[in-house]
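Have a look at the structure below before the remarks.
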Amino acid sequence: MHWLDGLVQGILLGGLFAQYALGMALMFGVMRIVNITHGDLMVLLALIGISLASSYALGPWSVLVLLVLIGGFLGWALQRAILNRVVGDDPLPSLIATFGLSVALQNLMLEVWSADTRSLPGGGIEQASFQLGPLFVGVLPLIVLVTATVLTGGLDAILRFTRFGRALRASSSDVEAAALTGVNPKSVYAGATAIAVAILGFAAVFQSLRSTVSPSDGPFQLIYAFEAVIIGGMGSIWGAFLGAMVLGISQSIGFRIDPGFGILAGHLVFLIVLAVRPQGILGKK
Amino acid sequence: MTEPLLSTTGLVARYGLFQALHGVDITLNAGEVVSLIGANGAGKSTLLKSIMGLISVGRDMVRLDGVPVGGSAPHKMVGRGVAIVPEGRRLFAGMSVEDNLRVAIDHAGPMQPNGWTLARVFALFPILQEKRKVPVESLSGGQQQMVAIGRALLNQPRILLCDEISLGLAPKVVKEIYAALPSISAAGTAIILVEQDVSLARSASNRLYCMLEGRVTLSGNSADITRDAISDAYFGGSHALA
Amino acid sequence: MTQTTVYPAVRVQRQTASGRIALTLGILIIVGIATMPLWASQGLIRDVVRLCCFIAVAQMWNLLAGYAGLVSVGQQAFVGVAAYMMFVLAQNLGVNPFVAVVLCLIAPAIVAVPTYALLHRLDGPYFAIGTWVVAEVMRLGFSVFPYVNSGAGMSLRVMTDYSAEQRAIGVSLLCAFMLLVTVGGSYWLLRSRYGLALTAMRDNPVAAASQGVNVNRLRFLIFVAAAVGTGLAGAIYFMAQLRITPPSAFDANWANIAIFIVMVGGIGSIEGVLIGALIYFFADRWFGDYGAAYLVVLGLLTLFMALFARGGIWGMICKVVDAPWFPTRRRLLDAKG
């Protein structure tokens with residue numbers, strides 16, 4: 001029962017990781033860049049949300065709506081101001097630019113919000129749970145998992161069936177040919193980053209409801225997102241979702257073996273996948 | 001005198017330190033089919049890329065209806081009614097035939113009178129209708145070229161640039177592809193054809209330009225130019241200028 | 001104009017006046033560092049050791065990112081693993097600590113091999129994050145490893161067997177050795193027959209391969225060499241600290257320092273690393289007390305360099321005067337000239 005519980009908790013944790021991973025997979029898929037501030041932006045949104053909630057007495061769902069909107073705007077602005085200048089074949093400029101921004105952002109948050117850990121009051125939802133056979137399942141983790149599934153399915157549908165999705169897939173396949181077919185790559189990129197950071201708005205609310213955030217947390221979330229994307233298979237939205245589940249289960253089971261081993265177990269599973277199936281679970285050779 | 005549909009004047013283009021075009025002047029009038037011939041490296045593809053805005057050039061070097069548009073981003077050129085069938089086809093791998101075509105529909109220039117629709121492209125190349133749900137990379141070379149042409153047409157071009165559309169295809173397939181050109185032209189689209197095969201280029205066009213080392217070395221009506229003149233211009237014999 | 005069949009007589013110039021002056025100065029500086037106990041105070045020695053560690057870590061990162069095209073944000077893995085190995089050798093196994101600094105370098109070399117084997121399949125940016133994961137695995141692994149006292153860390157108590165003078169002599173000699181290996185070694189490598197391929201490799205791996213160099217193999221060797229050089233700096237740094245814990249040994253700030261120094265100084269040049277290291281050293285000294293605000297500026301400066309001045313300060317200097325300190329180019333001169 002101990003292990004079954006670990007499995008269920010792991011899947012629920014995976015729901016949160018999926019919300020980090022979706023945006024990273026999307027951005028890498030279309031621009032071949034990794035935004036090192038990915039985790040820091042989640043933390044920034046969470047801290048903004050916590051401040052908004054306490055200043056204006058907002059409930060978590062109003063905060064969620066605001067953070068998704070703010071996230072979308074932040075992503076768009078980040079792309080226009082910085083990332084559009086560093087997209088290219090050479091991975092160095094985008095890495096260095098976002099690495100520098102990450103250092104600046106973390107320390108800026110430290111100045112504004114101090115190093116304290118904070119969380120978002122959820123009005124009881126964070127403790128609520130129900131019994132499912134022999135297991136207790138938290139209401140919040142279940143909401144997180146359902147949200148992650150809906151987000152993944154929604155993003156997949158956007159990519160398949162909308163004008164923006166086709167433009168994004170075309171740019172991802174051959175950006176020059178896409179431009180010659182009338183697509184403005186910069187608009188597509190800005191849209192992709194806006195979506196990626198807007199999804200972080202969901203992650204920010206759920207992370208700060210179920211646990212705490214502090215300004216230096218970002219890099220860890222970045223690494224979880226990255227591991228989920230690689231485990232699942234690059235360039236696949238459902239791959240990122242699946243990878244997040246595997247990572248969540250690994251950490252959860254590892255934690256039950258030894259509390260100090262949880263996160264390490266996730267890293268080790270990532271390295272094992274890299275060794276035996278470098279293209280990831282859903283990736284094609 | 002009315003302005004030509006498209007013209008380049010003194011067009012100069014560089015790749016880094018290498019100058020690929022040394023002052024190219026060409027014109028394209030409404031309803032025309034013009035061929036560009038020349039050996040590898042003569043600058044034909046570079047000329048098309050310069051017109052499309054893939055290579056930065058001076059504003060005045062490219063004019064559309066007399067309006068300077070040189071150096072505009074490629075998607076803006078598409079918006080103004082210029083579309084290209086790029087060299088090597090450059091289809092969107094991983095996407096179906098229909099989705100490849102839909103990208104062009106989504107980002108088309110202003111709709112032309114009796115403009116192109118998915119149904120008309122399928123009528124032009126019936127095999128594409130059959131394969132509409134198939135990923136483009138699983139098509140044959142000729143079928144892929146049809147998708148590339150269809151994609152460009154669905155951008156609703158007034159001007160269609162075709163970069164080596166016969167390259168690497170079997171003669172029978174080339175014939176099939178070229179058979180489609182008159183109906184494209186008849187729909188009111190002017191065409192620039194870059195073509196390696198000189199006799200094909202002559203028979204398919206009203207006028208032709210021959211390029212050598214980044215310059216136009218010969219131009220005239222396709223029917224009037226003799227093989228010898230083309231041969232000289234092509235290989236740089238006597239630098240005949242029409 | 002010229003007949004293509006007659007080749008004009010040329011000679012290849014590889015050294016310049018500025019290069020000769022810099023080489024002489026460099027040798028004097030290394031001798032100066034080796035003899036520090038004779039002329040410098042304890043405080044100055046400590047500062048020079050710190051600066052030398054920055055230079056070494058940054059130059060190793062420069063070799064990776066500036067030449068091999070391998071961007072790493074996890075070099076702290078090698079800082080920590082070498083330093084820990086040195087502590088284990090000296091403290092747990094009784095090896096002379098000054099000898100242990102050299103012997104411990106086997107550890108980063110051994111870690112670098114599987115790290116590269118696993119990560120080299122990843123696309124550029126993902127390679128970078130992958131190196132970070134490896135560093136995290138190291139940090140977490142050492143935190144739960146009782147043999148190295150887990151999260152509580154270790155102290156280098158054996159150093160109390162040596163007098164302050166003996167320690168100063170040992171550290172100074174090691175520091176001179178480190179500069180010789182990392183900076184001198186890079187210079188030698190760039191002037192060797194691999195030099196041309198190395199300078200071409202980042203921008204154009206295909207052209208580098210046409211030089212008859214196995215690019216993948218060279219990348220791998222540079223990754224291992226950079227791990228060893230970075231490890232040497234880590235071992236010396238923590239020998240001077242006398243204490244090590246997993247968070248300090250595997251501190252992501254090492255990557256931060258290396259990236260800042262190289263990007264501000266000038267990527268792809270040894271001169272840039274020296275300039276950047278001096279700037280970082282003094283910035284840290286003068287503004288380090290401002291804490292977070294100082295790091296905000298540092299981060300923004302790195303961002304600014306990546307956006308607007310990819311060649312760094314040395315790149316800007318090169319546009320004005322052509323006087324390299326470490327000339328690595330070959331120049332064709334007219335025989336008469």
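Chain labels A, B, ... are given in the sequence in which chains occur in the structure tokens; within each chain residues are numbered consecutively from 1, and ligands are likewise numbered from 1 in the order shown.
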
* **Within 9 Å of chain B: residues of chain A, using only C-alpha atoms, as an MDAnalysis selection string** => chainID A and resid 160 163:164 166:167 169:174 176:185

Can you list every residue of chain C that has an atom at most 9 Å from chain A, with its nearest atom pair and the distance in Å to one decimal, using only C-alpha atoms, ordered by chain then number, as CSV?
```
residue,atom,partner,partner_atom,distance
C:Ala65,CA,A:Leu92,CA,7.6
C:Gly69,CA,A:Leu92,CA,8.1
C:Leu70,CA,A:Leu92,CA,8.7
C:Val71,CA,A:Leu92,CA,6.7
C:Val73,CA,A:Phe99,CA,8.9
C:Ala117,CA,A:Ala275,CA,8.5
C:Leu118,CA,A:Ala275,CA,5.9
C:Leu119,CA,A:Leu274,CA,7.7
C:Arg121,CA,A:Pro278,CA,7.3
C:Leu122,CA,A:Pro278,CA,8.2
C:Asp123,CA,A:Arg32,CA,8.4
C:Gly124,CA,A:Pro91,CA,5.7
C:Pro125,CA,A:Pro91,CA,5.8
C:Tyr126,CA,A:Val34,CA,7.2
C:Ala128,CA,A:Leu95,CA,8.2
C:Ile129,CA,A:Ile223,CA,7.1
C:Gly130,CA,A:Phe226,CA,8.3
C:Trp132,CA,A:Ile223,CA,7.9
C:Val133,CA,A:Ile223,CA,6.8
C:Val134,CA,A:His267,CA,8.2
C:Glu136,CA,A:Leu264,CA,8.2
C:Val137,CA,A:Leu264,CA,6.2
C:Leu140,CA,A:Leu264,CA,6.4
C:Gly141,CA,A:Leu264,CA,7.3
C:Ser143,CA,A:Gly260,CA,8.4
C:Val144,CA,A:Gly260,CA,6.9
C:Arg202,CA,A:Asp90,CA,8.8
C:Asp203,CA,A:Asp90,CA,8.1
C:Asn256,CA,A:Val103,CA,8.1
C:Ile259,CA,A:Ile96,CA,7.5
C:Phe260,CA,A:Gly100,CA,8.2
C:Met263,CA,A:Ile96,CA,8.2
C:Gly291,CA,A:Asn107,CA,8.5
C:Ala292,CA,A:Asn107,CA,4.9
C:Ala293,CA,A:Asn107,CA,6.8
C:Tyr294,CA,A:Asn107,CA,8.6
C:Leu295,CA,A:Ala104,CA,6.3
C:Val296,CA,A:Ala104,CA,3.9
C:Val297,CA,A:Ala104,CA,6.8
C:Leu298,CA,A:Ala104,CA,7.2
C:Gly299,CA,A:Gly100,CA,4.1
C:Leu300,CA,A:Ala104,CA,5.9
C:Leu301,CA,A:Gly100,CA,7.4
C:Thr302,CA,A:Gly100,CA,5.0
C:Leu303,CA,A:Ala97,CA,4.3
C:Phe304,CA,A:Ala97,CA,7.4
C:Met305,CA,A:Ala97,CA,7.9
C:Ala306,CA,A:Ala97,CA,5.2
C:Leu307,CA,A:Arg85,CA,6.8
C:Arg310,CA,A:Pro93,CA,7.8
```

* Mind checking which residues fall within 9 Å of stretch 157-170 of chain C, counting only C-alpha atoms, ignoring those fewer than 4 positions away in the same chain, and posting them as a PyMOL selection string? => chain C and resi 34-38+42+45-46+90-91+94+96-98+174-175+239-240+242-243

Would you write out those residues with N, CA and C atoms, as a compact mmCIF listing (two decimals), in the first residue's frame?
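Listed below is the output, result.txt:
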```txt
# COMPACT_ATOMS: atom_id res chain seq x y z
N ALA C 34 54.81 32.23 -7.82
CA ALA C 34 55.48 31.08 -7.18
C ALA C 34 56.30 31.53 -5.98
N THR C 35 56.83 32.77 -6.06
CA THR C 35 57.70 33.23 -4.98
C THR C 35 56.98 34.16 -4.01
N MET C 36 55.64 34.15 -4.03
CA MET C 36 54.87 35.06 -3.17
C MET C 36 55.27 35.05 -1.70
N PRO C 37 55.53 33.85 -1.11
CA PRO C 37 55.85 33.86 0.33
C PRO C 37 57.05 34.75 0.65
N LEU C 38 57.91 35.01 -0.35
CA LEU C 38 59.09 35.83 -0.10
C LEU C 38 58.76 37.31 -0.01
N GLN C 42 50.12 37.56 3.98
CA GLN C 42 49.15 36.45 3.95
C GLN C 42 47.87 36.86 3.23
N ILE C 45 48.36 36.99 -0.52
CA ILE C 45 48.45 35.63 -1.07
C ILE C 45 47.05 35.05 -1.23
N ARG C 46 46.21 35.27 -0.18
CA ARG C 46 44.84 34.75 -0.24
C ARG C 46 44.10 35.32 -1.45
N ALA C 90 43.64 13.54 1.55
CA ALA C 90 44.48 14.14 2.59
C ALA C 90 43.98 13.80 3.99
N GLN C 91 42.66 13.92 4.18
CA GLN C 91 42.11 13.80 5.52
C GLN C 91 41.83 12.34 5.89
N GLY C 94 45.38 10.06 4.46
CA GLY C 94 46.69 10.44 4.93
C GLY C 94 47.71 10.81 3.86
N ASN C 96 49.84 13.36 1.61
CA ASN C 96 50.27 14.75 1.77
C ASN C 96 49.31 15.66 1.00
N PRO C 97 48.72 16.67 1.65
CA PRO C 97 47.68 17.46 0.99
C PRO C 97 48.15 18.15 -0.30
N PHE C 98 49.42 18.55 -0.33
CA PHE C 98 49.89 19.25 -1.54
C PHE C 98 50.02 18.27 -2.70
N LEU C 174 51.49 25.82 -6.06
CA LEU C 174 50.36 25.20 -6.75
C LEU C 174 49.64 26.19 -7.66
N CYS C 175 49.54 27.43 -7.17
CA CYS C 175 48.86 28.47 -7.94
C CYS C 175 49.61 28.76 -9.24
N MET C 239 41.42 24.05 -0.58
CA MET C 239 42.56 23.88 0.31
C MET C 239 42.77 25.18 1.09
N ALA C 240 42.61 26.31 0.40
CA ALA C 240 42.76 27.60 1.07
C ALA C 240 41.59 27.84 2.03
N LEU C 242 39.96 25.45 3.70
CA LEU C 242 40.10 24.47 4.78
C LEU C 242 38.80 23.73 5.14
N ARG C 243 37.70 24.11 4.53
CA ARG C 243 36.42 23.47 4.84
C ARG C 243 35.63 23.27 3.56
```

* **Pairwise distance for atom CA of A:Thr147 and atom CA of A:Gly283, rounded to one decimal in Å** =>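 Atom CA of A:Gly283 lies 24.1 Å from atom CA of A:Thr147.
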
* Looking only at strand (DSSP E) from DSSP on the backbone, list the matching residues of stretch 55-261 of chain A as number ranges by chain. => A: 129-132, 135-138

* Hey, what's within 7 Å of stretch 67-72 of chain B if we count only C-alpha atoms and toss same-chain stuff fewer than 5 positions away? As a PyMOL selection string, please? -> chain B and resi 51+53+56-62+77

* **Between atom CA of B:Glu213 and atom CA of B:Leu36 - distance in Å to one decimal** => 13.2 Å
